[in-house]
Amino acid sequence: MGNPASYEELSANFDWSVAERELGYRQGGPINIGWMCSDRLCHLGLANKLALHWEDYQGNQKRFTFDDLRVLSNTIAHFLGELGIQPGERVCLFMDRVPELYIGFLGVLKTGAVAQPLFSAFGDESLFVRLQNANTSAIITQKKHLPKVRKIREQLPNLRHIIVVDVGESALQPREVSFHMDQAPRIEDFAVYPTTAESPSVLHYTSGTTGQPKGAQHVHYSIVAQYLTAKWVLDLRPDDIYWCNADPGWVTGTSYGIIGPWSNGITQVVFDSGFNAEHWYQFMEKHRVTVWYSAPTAIRLLMKEGTEIVQRHDLSSLRYLASVGEPLNAEAVLWSQKVFGKPFHDTFWQTETGCIVITNFPGMPVKPGSMGKAFPGITATALNPKTYEPVNQPGIAGLIALRPGWPSQIRGYWNNEAGYKAKFKNGWYLCGDRASIDADGYFWFMGRDDDVINTGGHLVGPFEIESALLGCPSVAESAAVAKPDPVNMEVVKAYVTLKKGFTPSDDLELEIMNRIRKRLSPLAMPQEIEFVDSLPKTRSGKIVRRILRCKEFHEPVGDLSTIMDD
Ligand code: WT7
């Protein structure tokens, strides 16, 4: 495991079939991510190997072998089957990072149903929009999140089952059912649904400039890419203790917090706890973490805590560090080199790509501040934004674009064909980001090519925030844009015009904030509201957020003539 071959060698002879072979997949045959991440490893002799060592902020711990993953995911799958969940139906996982989330994910997939993970910090409005759009049949959740589900369930007639993993029947209402993973009769044998390559697997919601979030539809064949990129890019080896600190409510937490490591038979540790530098270092020291997949905001928060705290811990087990989600500044790479003795390897990808597509490959010299090169088997370029032809000139910015057809590419947005089609131009898939490529083929991230806000590695769509703002009685119009932030890179700022009869004040700002705080997620919350008399608009009346964003970043707005004519 790991890969001693060089990037150049692997790129020259690359074919995804290497992963198909290693996974034992035969074209046209069954392929089921739930089975591949549990039963398959048991057949390979890893039944008693530790798959998951889980810990929470109170120090509670649980350990699961690959055989436990197999049996417990069978148990959940069986339970869902008894409830009448059919293949293809959407089952939402709405939990903190508890074992039921990870194992439930595999269980849902074993039934042939579609796993729809949602970030448990979402408020009822964010949850509602996504459950309604996906026409979700069942939700698996915890007692602490039940009030949010109860608040919206009457508006979701197709949500037949609300499954609660940590409460007894007596506390429940109609349509709610209790399931205790540890107490349910263990199901040794479950007839895993024979999904095939193109069967839908995971539905992740992601934000765009316009409209509500879109459901990115993955298929079971995605595992081919997730398996190989986890092995090659994260450099996973049999004895590794792997920690991905992303939440499975987002794609990093499923592609590389479940599917990637487990399809490789790797032991992973999970910390169900928020950010705290001391706790994080203690956690890595205690578990002897060897490979750590993290994110720039977390790294910047650690940098703020200094080096002395690092030295108080024995982190000598760390062998490989990688990062994803937002620009990883050169200072962060140099800092990690200094304090951990090894650099963070930046990786670039998206919900829609399903796997890492541009990366600092192991063994390849790291250029701090660069995202690295295309993964072998991925053709990536920067396109001229007018002609959609590759720029082909070192250092000139273009739109990051990929040749379609890699295994974990989404197969569409749920019920939104037009939105998906719009992602393709001239035979390329457009990521919606801008970058330049240097003479050595390294990509340098420049920014997003749309109005989406990336705060602390989480994408937030302006439309969702603006819709919530419009729900406030005083708000006439609003525009949500990014403003710079030293740790989160970007935070949300809202420009608001008020209806007649309302005047700007600190109290009003507070009232608006309070109204939307609970409805969205804490991430989407504007850090600042600025009251204005009017918002910049095109001739046809569309709000031009870009002007406001440029103001926040003290950047020139550039040529707006075509935009203003919209
Ligand atoms: C967007 C995708 C799949 C990772 C988790 C986020 C930004 C991602 C980088 C990076 C600069 C990055 C891009 C991208 N992004 N990685 N290494 N450097 N920006 O998945 O929520 O779909 O977000 O995150 O803008 O398009 P996502």
# chains A, B, ... in the order shown; residues from 1 in each chain; ligands from 1
$ residues_near_ligand --ligand "ligand 1" --cutoff "8 Å" --atoms "only C-alpha atoms and all ligand atoms" --output "MDAnalysis selection string"
chainID A and resid 206:207 250:252 323:328 346:356 359 371 431:433 445:448 454 457:459
$ residues_around --residues "range 30-40 of chain A" --least-positions-apart "5" --cutoff "7 Å" --atoms "only C-alpha atoms" --output "list in words"
Tyr25, Phe66, Asp67, Leu69, Arg70, Leu106, Gly107, Leu109, Lys110, Pro194, Thr195, Thr196, Ala197, His220, Tyr221, Ile223, Ile259, Trp262 and Ser263 of chain A
$ write_last_selection --atoms "C-alpha atoms" --output "PDB file, in the first residue's frame"
ATOM      1  CA  TYR A  25     -14.908  -5.296  -9.370  1.00  0.00           C
ATOM      2  CA  PHE A  66     -14.324  -4.439  10.280  1.00  0.00           C
ATOM      3  CA  ASP A  67     -16.510  -7.352  11.355  1.00  0.00           C
ATOM      4  CA  LEU A  69     -18.897  -2.632  10.657  1.00  0.00           C
ATOM      5  CA  ARG A  70     -20.193  -5.563   8.636  1.00  0.00           C
ATOM      6  CA  LEU A 106     -22.908   1.905   5.050  1.00  0.00           C
ATOM      7  CA  GLY A 107     -26.216   0.389   6.171  1.00  0.00           C
ATOM      8  CA  LEU A 109     -26.143   1.904   0.997  1.00  0.00           C
ATOM      9  CA  LYS A 110     -26.478  -1.843   1.618  1.00  0.00           C
ATOM     10  CA  PRO A 194     -27.014  -5.749  -5.832  1.00  0.00           C
ATOM     11  CA  THR A 195     -26.424  -2.157  -6.898  1.00  0.00           C
ATOM     12  CA  THR A 196     -24.357  -1.762 -10.058  1.00  0.00           C
ATOM     13  CA  ALA A 197     -21.893   0.885 -11.186  1.00  0.00           C
ATOM     14  CA  HIS A 220     -21.650   3.363  -6.396  1.00  0.00           C
ATOM     15  CA  TYR A 221     -18.882   3.297  -9.017  1.00  0.00           C
ATOM     16  CA  ILE A 223     -15.623   4.106  -4.922  1.00  0.00           C
ATOM     17  CA  ILE A 259     -15.294   5.341   1.748  1.00  0.00           C
ATOM     18  CA  TRP A 262     -12.381   1.806   4.802  1.00  0.00           C
ATOM     19  CA  SER A 263     -12.282   0.534   1.222  1.00  0.00           C
TER      20      SER A 263
END
$ closest_residue --among "A:Leu44, A:Val333, A:Val452, A:Leu523" --to "Met303 in chain A" --atoms "only C-alpha atoms"
A:Val333
$ residues_around --residues "Ser336 in chain A" --least-positions-apart "4" --cutoff "10 Å" --atoms "only C-alpha atoms" --output "VMD selection string"
chain A and resid 299 302 to 303 307 321 331 to 332 340 to 344
$ closest_atom_pairs --of "range 110-132 of chain A" --to "range 80-98 of chain A" --cutoff "10 Å" --atoms "only C-alpha atoms" --output "tab-separated table"
residue	atom	partner	partner_atom	distance
A:Lys110	CA	A:Pro87	CA	9.2
A:Thr111	CA	A:Pro87	CA	6.1
A:Gly112	CA	A:Pro87	CA	4.3
A:Ala113	CA	A:Pro87	CA	4.3
A:Val114	CA	A:Arg90	CA	4.7
A:Ala115	CA	A:Val91	CA	5.3
A:Gln116	CA	A:Cys92	CA	4.4
A:Pro117	CA	A:Leu93	CA	4.6
A:Leu118	CA	A:Phe94	CA	5.3
A:Phe119	CA	A:Phe94	CA	6.5
A:Ser120	CA	A:Met95	CA	5.2
A:Ala121	CA	A:Asp96	CA	8.2
A:Phe122	CA	A:Phe94	CA	9.1
A:Leu127	CA	A:Phe94	CA	9.0
A:Arg130	CA	A:Cys92	CA	9.6
A:Leu131	CA	A:Cys92	CA	7.8
$ select_by_dssp --residues "range 206-452 of chain A" --states "strand (DSSP E or B)" --output "number ranges by chain"
A: 206, 214-219, 241-244, 267-272, 291-294, 320-324, 344-348, 358-359, 372-374, 380-383, 390, 398-402, 413, 424-425, 428-437, 443-448
$ select_by_dssp --residues "range 423-499 of chain A" --states "helix (DSSP H, G or I)" --output "list in words"
Pro462, Phe463, Glu464, Ile465, Glu466, Ser467, Ala468, Leu469 and Leu470 of chain A
$ residues_around --residues "Gly441 in chain A" --least-positions-apart "2" --cutoff "8 Å" --atoms "only C-alpha atoms" --output "PyMOL selection string"
chain A and resi 372-373+437-439+443
$ atom_distance --atom1 "CA of Trp444 in chain A" --atom2 "CA of Ala479 in chain A"
29.0 Å
$ closest_residue --among "A:Val233, A:Leu301, A:Ile400, A:Val481" --to "His345 in chain A" --atoms "only C-alpha atoms"
A:Val233
$ closest_residue --among "A:Tyr495, A:Pro462, A:Pro385, A:Ile453" --to "Leu430 in chain A" --atoms "only C-alpha atoms"
A:Pro385
$ closest_residue --among "A:Gly363, A:Ser294, A:Val71, A:Thr497" --to "Ala184 in chain A" --atoms "only C-alpha atoms"
A:Val71
